[in-house]
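Reviewing the structure listed below.
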Amino acid sequence: MAWDFETDPEFQKKLDWIEDFMREEVEPLSHLGIAVYSSVGREKFIKPLQQQVKDQGLWACHLGPELGGQGYGQVKLALMNEKLGRNSLAPTVFGCQAPDSGNAEIIAHYGTEKQKAQYLWPLLNGDIRSAFSMSEPTGGSDPLTFRTTAVLDGNEWVINGEKWFSTNAKYAKVLVLYAVTDPDAKDPYRRTSIFLVPTDTPGVEIVRNVAVGAGGEIGGGNEAYVRYTNVRLPYDALLGDRGQAFVIAQVRLGGGRVHHAMRTVGACKNALDLMCRRAVSRTTRDGRLSDLQMVQEQIADSWIQLEMFRLLVLRTAWLIDKHKDYQKVRKDIAAIKVAMPKVYNDIATKAAHLHGALGVSNEMPFMHMVTSSLVMGIADGPTEVHKVTVAKQVLKDYAPDNDLFPSYHIPKLREEAQKRYASELKEIRDHYAGRERSRAEPA
């Protein structure tokens with residue numbers, strides 16, 4: 001029987017290296033701000049760290065060896081991402097940053113050799129960025145409400161429509177675009193196709209960029225509102241088969257949801273660590289915060305939430321490794337997607353509160369964490385949709401009771417038990433009846 005909660009020693013050495021590397025190299029660099037992300041900054045700061053990661057054999061570990069990765073299973077990725085989730089710069093350093101990692105994955109699976117040469121290898125090398133242009137202002141991420149269209153004109157596609165929250169579009173060289181190609185298809189999930197759109201194509205317009213959270217100037221941020229006006233693309237800009245967008249999306253989003261959850265474990269652990277450090281350091285007239293029972297309750301609740309969530313994520317990763325099929329793990333993936341924003345929000349909010357006024361300021365990371373937790377409840381599908389998925393998957397294992405009273409009605413169960421054990425019950429009754437007769441007979 002295999003039931004183990006230990007990491008094999010060889011991989012633990014890799015995790016220990018990541019821990020030290022994060023603390024000594026990645027986390028200090030993340031405090032340099034925008035300088036790190038400029039073209040000069042990437043050459044000076046990020047690429048040397050990426051090379052160290054490659055030297056350790058830890059680059060783009062979600063990909064197979066044929067794509068320059070290690071082909072790690074989801075359990076190993078979960079243990080890695082738990083550490084990377086502490087810092088937003090880490091995925092870029094390790095070659096697994098969103099949305100590039102997911103976009104590269106579907107181009108690797110469905111792209112032509114020409115598309116791979118043009119986009120996949122530069123994405124994997126970190127030379128270009130990409131954006132996922134799916135959600136729309138009118139219907140969000142529901143694919144059955146998409147209005148952006150791609151119409152064939154000779155051997156070219158003509159695209160018109162608008163997309164909302166296309167992350168990193170202002171930095172991207174290519175947009176992974178969802179557009180309706182077959183509006184009258186009998187199967188509504190076969191109406192949409194995916195296109196690879198160079199951002200410099202005439203007719204592609206970033207209307208404005210939107211920031212997540214409060215503060216900052218309107219028009220700033222990394223979430224693009226994109227308009228496509230008579231954008232003309234060659235026929236081979238199509239990724240995969242016509243009408244295959246929904247199938248491709250499940251490949252991309254299934255893995256993305258798991259990796260979001262993995263990194264969120266690390267973010268929650270970071271928030272809990274900071275909460276505990278504050279609790280043992282901050283004093284009041286009655287002693288340290290950690291001596292107060294209400295503070296102890298908050299720390300206990302946070303630790304329990306984190307451990308339950310972490311085990312659910314690792315078990316889901318294990319199931320994916322076992323089945324090699326995201327469809328067989330739909331319920332579990334949906335469950336971690338549901339749990340993720342609540343656990344993150346609860347722990348981050350408690351950590352902010354425990355730091356007082358400092359905790360809600362922009363000099364601490366907690367308000368960014370709280371905002372991120374809200375994003376996690378929306379990204380890759382809203383929480384409510386995933387709750388429905390969990391419920392439907394759970395209910396598939398149950399058959400209805402068609403009698404007036406259910407099969408678990410206690411009087412019915414009692415009657416069935418009495419019938420099953422009738423002979424034994426008769427023996428018991430006869431036994432006690434005999435004892436009563438013996439007592440009644442004169443001595």
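Identifiers in this document derive from the order of the structure tokens: chains are assigned A, B, ..., residues are numbered from 1 separately in each chain, and ligands are numbered from 1 in order of occurrence.
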Give me the residues near range 11-26 of chain A as a compact mmCIF listing (two decimals) with N, CA and C atoms, in the first residue's frame, where near means some atom within 12 Å (using only C-alpha atoms) and where sequence neighbours in that chain fewer than 2 positions away do not count.
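File written: result16.txt
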# COMPACT_ATOMS: atom_id res chain seq x y z
N GLU A 6 6.21 11.97 2.39
CA GLU A 6 7.60 12.42 2.39
C GLU A 6 8.07 12.72 0.96
N THR A 7 9.02 13.66 0.85
CA THR A 7 9.62 13.97 -0.45
C THR A 7 10.92 13.18 -0.59
N ASP A 8 11.15 12.60 -1.76
CA ASP A 8 12.37 11.81 -1.92
C ASP A 8 13.58 12.72 -1.76
N PRO A 9 14.65 12.18 -1.16
CA PRO A 9 15.82 13.00 -0.79
C PRO A 9 16.43 13.78 -1.94
N PRO A 28 15.21 39.73 -3.05
CA PRO A 28 15.81 41.07 -3.05
C PRO A 28 15.61 41.80 -4.38
N LEU A 29 15.72 41.06 -5.49
CA LEU A 29 15.59 41.66 -6.82
C LEU A 29 14.18 42.21 -7.04
N SER A 30 13.18 41.58 -6.45
CA SER A 30 11.79 42.00 -6.67
C SER A 30 11.50 43.38 -6.11
N HIS A 31 12.38 43.90 -5.25
CA HIS A 31 12.15 45.21 -4.65
C HIS A 31 12.73 46.37 -5.47
N LEU A 32 13.27 46.04 -6.65
CA LEU A 32 13.82 47.10 -7.52
C LEU A 32 12.76 47.70 -8.43
N VAL A 36 13.61 46.26 -13.09
CA VAL A 36 13.88 44.86 -13.39
C VAL A 36 13.26 44.44 -14.71
N PHE A 45 19.49 41.75 -14.88
CA PHE A 45 19.05 41.12 -13.64
C PHE A 45 18.41 39.74 -13.83
N ILE A 46 17.43 39.66 -14.75
CA ILE A 46 16.62 38.45 -14.82
C ILE A 46 17.33 37.32 -15.56
N LYS A 47 17.93 37.61 -16.70
CA LYS A 47 18.53 36.53 -17.50
C LYS A 47 19.65 35.79 -16.75
N PRO A 48 20.51 36.49 -15.97
CA PRO A 48 21.51 35.73 -15.20
C PRO A 48 20.87 34.77 -14.19
N LEU A 49 19.77 35.19 -13.58
CA LEU A 49 19.09 34.29 -12.65
C LEU A 49 18.44 33.13 -13.40
N GLN A 50 17.85 33.42 -14.56
CA GLN A 50 17.27 32.35 -15.37
C GLN A 50 18.33 31.32 -15.76
N GLN A 52 20.97 30.52 -13.99
CA GLN A 52 21.23 29.70 -12.80
C GLN A 52 20.17 28.62 -12.65
N VAL A 53 18.92 28.99 -12.92
CA VAL A 53 17.83 28.03 -12.84
C VAL A 53 18.03 26.92 -13.88
N ASP A 55 20.84 25.96 -15.18
CA ASP A 55 21.99 25.15 -14.76
C ASP A 55 21.60 24.11 -13.72
N GLN A 56 20.57 24.41 -12.95
CA GLN A 56 20.08 23.47 -11.94
C GLN A 56 19.06 22.48 -12.51
N GLY A 57 18.73 22.64 -13.79
CA GLY A 57 17.74 21.77 -14.40
C GLY A 57 16.33 22.03 -13.90
N LEU A 58 16.03 23.30 -13.58
CA LEU A 58 14.72 23.64 -13.01
C LEU A 58 13.96 24.63 -13.88
N TRP A 59 14.37 24.77 -15.13
CA TRP A 59 13.72 25.73 -16.03
C TRP A 59 12.48 25.10 -16.69
N TYR A 72 8.33 17.27 -15.22
CA TYR A 72 7.95 16.92 -13.86
C TYR A 72 6.45 16.66 -13.76
N VAL A 75 2.84 16.65 -8.77
CA VAL A 75 3.23 16.68 -7.36
C VAL A 75 4.54 17.44 -7.18
N LYS A 76 5.52 17.15 -8.03
CA LYS A 76 6.78 17.89 -7.95
C LYS A 76 6.57 19.37 -8.26
N LEU A 77 5.74 19.64 -9.27
CA LEU A 77 5.45 21.04 -9.60
C LEU A 77 4.77 21.75 -8.43
N ALA A 78 3.89 21.04 -7.73
CA ALA A 78 3.21 21.63 -6.59
C ALA A 78 4.21 22.01 -5.50
N LEU A 79 5.14 21.13 -5.22
CA LEU A 79 6.13 21.41 -4.18
C LEU A 79 7.05 22.56 -4.60
N MET A 80 7.36 22.64 -5.90
CA MET A 80 8.15 23.77 -6.39
C MET A 80 7.37 25.08 -6.31
N ASN A 81 6.15 25.04 -6.84
CA ASN A 81 5.35 26.26 -6.92
C ASN A 81 4.97 26.80 -5.54
N GLU A 82 4.93 25.92 -4.56
CA GLU A 82 4.69 26.38 -3.19
C GLU A 82 5.75 27.39 -2.76
N LYS A 83 6.96 27.19 -3.23
CA LYS A 83 8.04 28.12 -2.91
C LYS A 83 8.02 29.34 -3.83
N LEU A 84 7.72 29.12 -5.11
CA LEU A 84 7.69 30.23 -6.07
C LEU A 84 6.55 31.19 -5.76
N GLY A 85 5.47 30.69 -5.17
CA GLY A 85 4.30 31.51 -4.92
C GLY A 85 4.53 32.62 -3.91
N ARG A 86 5.64 32.60 -3.22
CA ARG A 86 5.94 33.65 -2.24
C ARG A 86 6.24 34.99 -2.90
N ASN A 87 6.63 34.96 -4.18
CA ASN A 87 7.10 36.19 -4.80
C ASN A 87 6.67 36.22 -6.27
N SER A 88 6.13 37.35 -6.70
CA SER A 88 5.55 37.43 -8.06
C SER A 88 6.61 37.39 -9.16
N LEU A 89 7.88 37.67 -8.83
CA LEU A 89 8.94 37.63 -9.84
C LEU A 89 9.40 36.20 -10.12
N ALA A 90 9.20 35.31 -9.17
CA ALA A 90 9.77 33.96 -9.26
C ALA A 90 9.34 33.19 -10.51
N PRO A 91 8.05 33.18 -10.90
CA PRO A 91 7.68 32.42 -12.10
C PRO A 91 8.45 32.85 -13.34
N THR A 92 8.71 34.15 -13.48
CA THR A 92 9.48 34.63 -14.63
C THR A 92 10.90 34.07 -14.59
N VAL A 93 11.50 34.05 -13.42
CA VAL A 93 12.86 33.54 -13.26
C VAL A 93 12.93 32.04 -13.56
N PHE A 94 11.85 31.31 -13.27
CA PHE A 94 11.84 29.86 -13.45
C PHE A 94 11.15 29.44 -14.75
N GLY A 266 1.89 28.84 -1.50
CA GLY A 266 3.08 29.58 -1.09
C GLY A 266 2.76 30.98 -0.61
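Our summary of the geometry notes that CA of Trp157 in chain A is positioned 10.4 Å from CA of Ala179 in chain A.
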Q: Skip range 351-362 of chain A itself and residues of its chain fewer than 4 positions away, then list as a count of residues only all residues within 10 Å of it, counting only C-alpha atoms.
A: 25
Q: Tell me which of A:Leu238, A:Ala335, A:Met262, A:Leu404 sits closest to Val390 in chain A, counting only C-alpha atoms.
A: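 Among the listed residues, A:Ala335 lies closest to Val390 in chain A.
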Q) Hey, can you check how far CA of Ala348 in chain A sits from CA of Ser373 in chain A? A) 8.4 Å
Q: Find the residue from A:Leu314, A:Pro65, A:Leu292, A:Arg227 that sits nearest to Val280 in chain A; use only C-alpha atoms when measuring.
A: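 For Val280 in chain A, the nearest of the candidates is A:Leu292.
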Q: Give me the residues within 12 Å of Gly161 in chain A as number ranges by chain, counting only C-alpha atoms and dropping any in the same chain fewer than 5 places off.
A: A: 133-138, 146-151, 177-180, 203-205, 225-231
Requested write-out: N, CA, C and O atoms of the selected residues, as a compact mmCIF listing (two decimals), in the first residue's frame:
# COMPACT_ATOMS: atom_id res chain seq x y z
N SER A 133 -6.24 36.40 -24.95
CA SER A 133 -7.31 37.34 -25.29
C SER A 133 -8.61 36.56 -25.47
O SER A 133 -9.04 36.29 -26.58
N MET A 134 -9.26 36.25 -24.34
CA MET A 134 -10.46 35.43 -24.37
C MET A 134 -11.69 36.18 -23.83
O MET A 134 -12.69 36.31 -24.53
N SER A 135 -11.65 36.65 -22.59
CA SER A 135 -12.82 37.26 -21.96
C SER A 135 -13.26 38.51 -22.70
O SER A 135 -12.45 39.20 -23.33
N GLU A 136 -14.56 38.80 -22.61
CA GLU A 136 -15.12 39.96 -23.30
C GLU A 136 -15.86 40.87 -22.32
O GLU A 136 -16.33 40.41 -21.28
N PRO A 137 -15.99 42.15 -22.66
CA PRO A 137 -16.68 43.08 -21.76
C PRO A 137 -18.16 42.73 -21.56
O PRO A 137 -18.73 43.02 -20.52
N THR A 138 -18.76 42.08 -22.55
CA THR A 138 -20.20 41.83 -22.48
C THR A 138 -20.56 40.59 -21.70
O THR A 138 -21.57 40.57 -20.99
N PHE A 146 -19.62 34.90 -26.43
CA PHE A 146 -18.61 35.66 -27.17
C PHE A 146 -19.22 36.29 -28.42
O PHE A 146 -19.99 35.65 -29.15
N ARG A 147 -18.83 37.54 -28.67
CA ARG A 147 -19.31 38.27 -29.84
C ARG A 147 -18.22 38.56 -30.85
O ARG A 147 -18.51 38.98 -31.98
N THR A 148 -16.96 38.41 -30.46
CA THR A 148 -15.87 38.63 -31.40
C THR A 148 -15.93 37.58 -32.50
O THR A 148 -16.02 36.38 -32.22
N THR A 149 -15.90 38.02 -33.75
CA THR A 149 -16.08 37.10 -34.88
C THR A 149 -14.85 37.06 -35.78
O THR A 149 -14.10 38.03 -35.88
N ALA A 150 -14.69 35.90 -36.41
CA ALA A 150 -13.67 35.74 -37.45
C ALA A 150 -14.38 35.17 -38.68
O ALA A 150 -14.89 34.04 -38.64
N VAL A 151 -14.42 35.95 -39.74
CA VAL A 151 -15.14 35.58 -40.96
C VAL A 151 -14.15 35.37 -42.09
O VAL A 151 -13.24 36.19 -42.29
N LEU A 177 -6.08 34.58 -29.35
CA LEU A 177 -7.41 35.17 -29.47
C LEU A 177 -8.49 34.11 -29.70
O LEU A 177 -8.35 33.21 -30.52
N TYR A 178 -9.60 34.27 -28.97
CA TYR A 178 -10.80 33.44 -29.16
C TYR A 178 -11.81 34.23 -29.98
O TYR A 178 -12.16 35.36 -29.61
N ALA A 179 -12.28 33.64 -31.08
CA ALA A 179 -13.27 34.32 -31.93
C ALA A 179 -14.25 33.30 -32.48
O ALA A 179 -13.90 32.14 -32.76
N VAL A 180 -15.50 33.73 -32.67
CA VAL A 180 -16.55 32.87 -33.20
C VAL A 180 -16.37 32.73 -34.71
O VAL A 180 -16.40 33.71 -35.44
N GLY A 203 -5.22 47.10 -37.17
CA GLY A 203 -6.56 46.89 -36.64
C GLY A 203 -6.58 46.42 -35.21
O GLY A 203 -7.62 46.43 -34.56
N VAL A 204 -5.40 46.00 -34.67
CA VAL A 204 -5.32 45.62 -33.26
C VAL A 204 -5.05 46.89 -32.45
O VAL A 204 -4.06 47.58 -32.67
N GLU A 205 -5.94 47.18 -31.52
CA GLU A 205 -5.84 48.43 -30.75
C GLU A 205 -6.04 48.15 -29.27
O GLU A 205 -7.01 47.51 -28.87
N TYR A 225 -7.72 46.28 -22.39
CA TYR A 225 -8.99 46.30 -23.11
C TYR A 225 -8.62 46.42 -24.58
O TYR A 225 -8.10 47.45 -25.02
N VAL A 226 -8.83 45.34 -25.35
CA VAL A 226 -8.33 45.26 -26.73
C VAL A 226 -9.49 45.29 -27.71
O VAL A 226 -10.49 44.59 -27.52
N ARG A 227 -9.34 46.08 -28.76
CA ARG A 227 -10.34 46.14 -29.82
C ARG A 227 -9.73 45.63 -31.12
O ARG A 227 -8.60 46.01 -31.49
N TYR A 228 -10.47 44.78 -31.84
CA TYR A 228 -10.05 44.23 -33.12
C TYR A 228 -11.00 44.78 -34.18
O TYR A 228 -12.21 44.52 -34.16
N THR A 229 -10.45 45.56 -35.10
CA THR A 229 -11.26 46.19 -36.14
C THR A 229 -10.75 45.78 -37.52
O THR A 229 -9.66 46.19 -37.94
N ASN A 230 -11.52 44.93 -38.20
CA ASN A 230 -11.14 44.44 -39.53
C ASN A 230 -9.70 43.94 -39.57
O ASN A 230 -8.93 44.25 -40.49
N VAL A 231 -9.34 43.18 -38.55
CA VAL A 231 -7.99 42.60 -38.48
C VAL A 231 -7.94 41.42 -39.46
O VAL A 231 -8.72 40.48 -39.36
Q: From range 166-349 of chain A, collect each residue whose DSSP state is strand (DSSP E or B) and return the set as an NGL selection string.
A: :A and (166-167 or 174-180 or 192-198 or 204-210 or 223-234 or 238-239 or 283-284 or 287-288)
So that I have them on file, write out the residues from the current selection with N, CA and C atoms, as a compact mmCIF listing (two decimals), in the first residue's frame.
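Written file, again18.txt:
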# COMPACT_ATOMS: atom_id res chain seq x y z
N SER A 166 -7.00 41.29 -21.09
CA SER A 166 -5.98 40.48 -21.75
C SER A 166 -4.63 40.81 -21.09
N THR A 167 -4.27 40.02 -20.11
CA THR A 167 -3.11 40.30 -19.27
C THR A 167 -1.83 40.41 -20.09
N VAL A 174 2.44 38.41 -29.26
CA VAL A 174 1.38 37.62 -29.87
C VAL A 174 0.20 37.53 -28.90
N LEU A 175 -1.01 37.60 -29.47
CA LEU A 175 -2.25 37.48 -28.72
C LEU A 175 -2.90 36.13 -29.07
N VAL A 176 -3.25 35.36 -28.06
CA VAL A 176 -3.97 34.11 -28.27
C VAL A 176 -5.46 34.46 -28.19
N LEU A 177 -6.08 34.58 -29.35
CA LEU A 177 -7.41 35.17 -29.47
C LEU A 177 -8.49 34.11 -29.70
N TYR A 178 -9.60 34.27 -28.97
CA TYR A 178 -10.80 33.44 -29.16
C TYR A 178 -11.81 34.23 -29.98
N ALA A 179 -12.28 33.64 -31.08
CA ALA A 179 -13.27 34.32 -31.93
C ALA A 179 -14.25 33.30 -32.48
N VAL A 180 -15.50 33.73 -32.67
CA VAL A 180 -16.55 32.87 -33.20
C VAL A 180 -16.37 32.73 -34.71
N THR A 192 -16.43 28.30 -31.73
CA THR A 192 -15.32 29.24 -31.52
C THR A 192 -13.99 28.60 -31.86
N SER A 193 -13.09 29.42 -32.40
CA SER A 193 -11.74 28.96 -32.76
C SER A 193 -10.71 29.87 -32.11
N ILE A 194 -9.46 29.42 -32.14
CA ILE A 194 -8.35 30.20 -31.57
C ILE A 194 -7.42 30.65 -32.68
N PHE A 195 -6.95 31.90 -32.56
CA PHE A 195 -6.02 32.48 -33.53
C PHE A 195 -4.80 33.04 -32.81
N LEU A 196 -3.66 32.97 -33.49
CA LEU A 196 -2.45 33.61 -33.01
C LEU A 196 -2.29 34.93 -33.78
N VAL A 197 -2.41 36.02 -33.04
CA VAL A 197 -2.46 37.35 -33.66
C VAL A 197 -1.24 38.17 -33.24
N PRO A 198 -0.35 38.51 -34.15
CA PRO A 198 0.74 39.42 -33.80
C PRO A 198 0.17 40.77 -33.35
N VAL A 204 -5.40 46.00 -34.67
CA VAL A 204 -5.32 45.62 -33.26
C VAL A 204 -5.05 46.89 -32.45
N GLU A 205 -5.94 47.18 -31.52
CA GLU A 205 -5.84 48.43 -30.75
C GLU A 205 -6.04 48.15 -29.27
N ILE A 206 -5.09 48.60 -28.46
CA ILE A 206 -5.30 48.57 -27.01
C ILE A 206 -6.04 49.84 -26.63
N VAL A 207 -7.31 49.71 -26.33
CA VAL A 207 -8.14 50.87 -25.99
C VAL A 207 -7.60 51.54 -24.74
N ARG A 208 -7.33 50.72 -23.73
CA ARG A 208 -6.68 51.23 -22.51
C ARG A 208 -6.21 50.03 -21.69
N ASN A 209 -5.31 50.31 -20.77
CA ASN A 209 -4.85 49.30 -19.83
C ASN A 209 -5.51 49.55 -18.48
N VAL A 210 -5.85 48.49 -17.80
CA VAL A 210 -6.59 48.57 -16.55
C VAL A 210 -5.74 47.95 -15.45
N GLU A 223 -3.74 44.96 -17.48
CA GLU A 223 -4.91 44.24 -18.01
C GLU A 223 -5.50 45.06 -19.15
N ALA A 224 -5.36 44.55 -20.37
CA ALA A 224 -5.69 45.36 -21.55
C ALA A 224 -7.13 45.17 -22.01
N TYR A 225 -7.72 46.28 -22.39
CA TYR A 225 -8.99 46.30 -23.11
C TYR A 225 -8.62 46.42 -24.58
N VAL A 226 -8.83 45.34 -25.35
CA VAL A 226 -8.33 45.26 -26.73
C VAL A 226 -9.49 45.29 -27.71
N ARG A 227 -9.34 46.08 -28.76
CA ARG A 227 -10.34 46.14 -29.82
C ARG A 227 -9.73 45.63 -31.12
N TYR A 228 -10.47 44.78 -31.84
CA TYR A 228 -10.05 44.23 -33.12
C TYR A 228 -11.00 44.78 -34.18
N THR A 229 -10.45 45.56 -35.10
CA THR A 229 -11.26 46.19 -36.14
C THR A 229 -10.75 45.78 -37.52
N ASN A 230 -11.52 44.93 -38.20
CA ASN A 230 -11.14 44.44 -39.53
C ASN A 230 -9.70 43.94 -39.57
N VAL A 231 -9.34 43.18 -38.55
CA VAL A 231 -7.99 42.60 -38.48
C VAL A 231 -7.94 41.42 -39.46
N ARG A 232 -7.02 41.49 -40.39
CA ARG A 232 -6.91 40.45 -41.42
C ARG A 232 -5.72 39.54 -41.12
N LEU A 233 -6.01 38.23 -41.10
CA LEU A 233 -4.99 37.24 -40.80
C LEU A 233 -5.02 36.15 -41.87
N PRO A 234 -3.86 35.56 -42.17
CA PRO A 234 -3.87 34.43 -43.12
C PRO A 234 -4.60 33.24 -42.50
N LEU A 238 -4.83 30.19 -37.63
CA LEU A 238 -5.68 29.35 -36.80
C LEU A 238 -4.80 28.40 -35.98
N LEU A 239 -5.07 28.31 -34.67
CA LEU A 239 -4.36 27.37 -33.81
C LEU A 239 -5.24 26.14 -33.61
N THR A 283 4.39 44.14 21.02
CA THR A 283 3.96 44.09 22.41
C THR A 283 2.87 45.12 22.68
N THR A 284 2.01 44.79 23.63
CA THR A 284 0.97 45.69 24.13
C THR A 284 1.15 45.82 25.63
N GLY A 287 1.44 42.41 27.21
CA GLY A 287 2.43 41.47 26.71
C GLY A 287 2.42 41.40 25.19
N ARG A 288 2.99 40.34 24.66
CA ARG A 288 3.07 40.19 23.22
C ARG A 288 1.70 39.83 22.64
(Q) If DSSP is run on the backbone, what residues of range 142-370 of chain A are alpha helix (DSSP H)? A reply as an NGL selection string would be ideal. (A) :A and (245-281 or 293-323 or 330-354 or 356-359 or 366-370)
**Q.** Contact residues around Ser130 in chain A with only C-alpha atoms at 8 Å, ignoring same-chain residues under 3 positions, as a PyMOL selection string
**A.** chain A and resi 99-100+103+123+168-169+171-176
Would you output that residue set with N, CA and C atoms, as a PDB file, in the first residue's frame?
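Saved result, selection00.pdb, follows:
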ATOM      1  N   PRO A  99       0.679  34.683 -18.503  1.00  0.00           N
ATOM      2  CA  PRO A  99      -0.012  33.615 -19.231  1.00  0.00           C
ATOM      3  C   PRO A  99       0.883  32.870 -20.213  1.00  0.00           C
ATOM      4  N   ASP A 100       2.190  33.204 -20.218  1.00  0.00           N
ATOM      5  CA  ASP A 100       3.081  32.608 -21.224  1.00  0.00           C
ATOM      6  C   ASP A 100       3.174  31.092 -21.101  1.00  0.00           C
ATOM      7  N   ASN A 103       0.037  29.540 -22.606  1.00  0.00           N
ATOM      8  CA  ASN A 103       0.016  29.785 -24.051  1.00  0.00           C
ATOM      9  C   ASN A 103       1.053  28.919 -24.772  1.00  0.00           C
ATOM     10  N   LEU A 123       8.980  32.110 -26.770  1.00  0.00           N
ATOM     11  CA  LEU A 123       8.287  32.149 -25.475  1.00  0.00           C
ATOM     12  C   LEU A 123       9.037  31.334 -24.432  1.00  0.00           C
ATOM     13  N   ASN A 168      -1.083  41.489 -19.830  1.00  0.00           N
ATOM     14  CA  ASN A 168       0.237  41.728 -20.442  1.00  0.00           C
ATOM     15  C   ASN A 168       0.188  41.994 -21.934  1.00  0.00           C
ATOM     16  N   ALA A 169      -0.966  42.353 -22.475  1.00  0.00           N
ATOM     17  CA  ALA A 169      -1.054  42.610 -23.916  1.00  0.00           C
ATOM     18  C   ALA A 169      -0.114  43.736 -24.343  1.00  0.00           C
ATOM     19  N   TYR A 171       2.796  44.288 -23.426  1.00  0.00           N
ATOM     20  CA  TYR A 171       4.160  43.782 -23.583  1.00  0.00           C
ATOM     21  C   TYR A 171       4.246  42.668 -24.616  1.00  0.00           C
ATOM     22  N   ALA A 172       3.093  42.169 -25.055  1.00  0.00           N
ATOM     23  CA  ALA A 172       3.057  40.929 -25.832  1.00  0.00           C
ATOM     24  C   ALA A 172       3.446  41.130 -27.295  1.00  0.00           C
ATOM     25  N   LYS A 173       4.016  40.083 -27.869  1.00  0.00           N
ATOM     26  CA  LYS A 173       4.270  40.012 -29.303  1.00  0.00           C
ATOM     27  C   LYS A 173       3.164  39.246 -30.022  1.00  0.00           C
ATOM     28  N   VAL A 174       2.443  38.411 -29.262  1.00  0.00           N
ATOM     29  CA  VAL A 174       1.378  37.616 -29.865  1.00  0.00           C
ATOM     30  C   VAL A 174       0.197  37.531 -28.901  1.00  0.00           C
ATOM     31  N   LEU A 175      -1.011  37.603 -29.472  1.00  0.00           N
ATOM     32  CA  LEU A 175      -2.250  37.476 -28.718  1.00  0.00           C
ATOM     33  C   LEU A 175      -2.901  36.132 -29.073  1.00  0.00           C
ATOM     34  N   VAL A 176      -3.245  35.363 -28.063  1.00  0.00           N
ATOM     35  CA  VAL A 176      -3.973  34.109 -28.273  1.00  0.00           C
ATOM     36  C   VAL A 176      -5.457  34.461 -28.193  1.00  0.00           C
TER      37      VAL A 176
END
(Q) I need the residue nearest Val251 in chain A from this list: A:Ile218, A:Ile410, A:Ile107, A:Ala440. Use only C-alpha atoms for the distance. (A)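 Using only C-alpha atoms, Val251 in chain A sits closest to A:Ile107.
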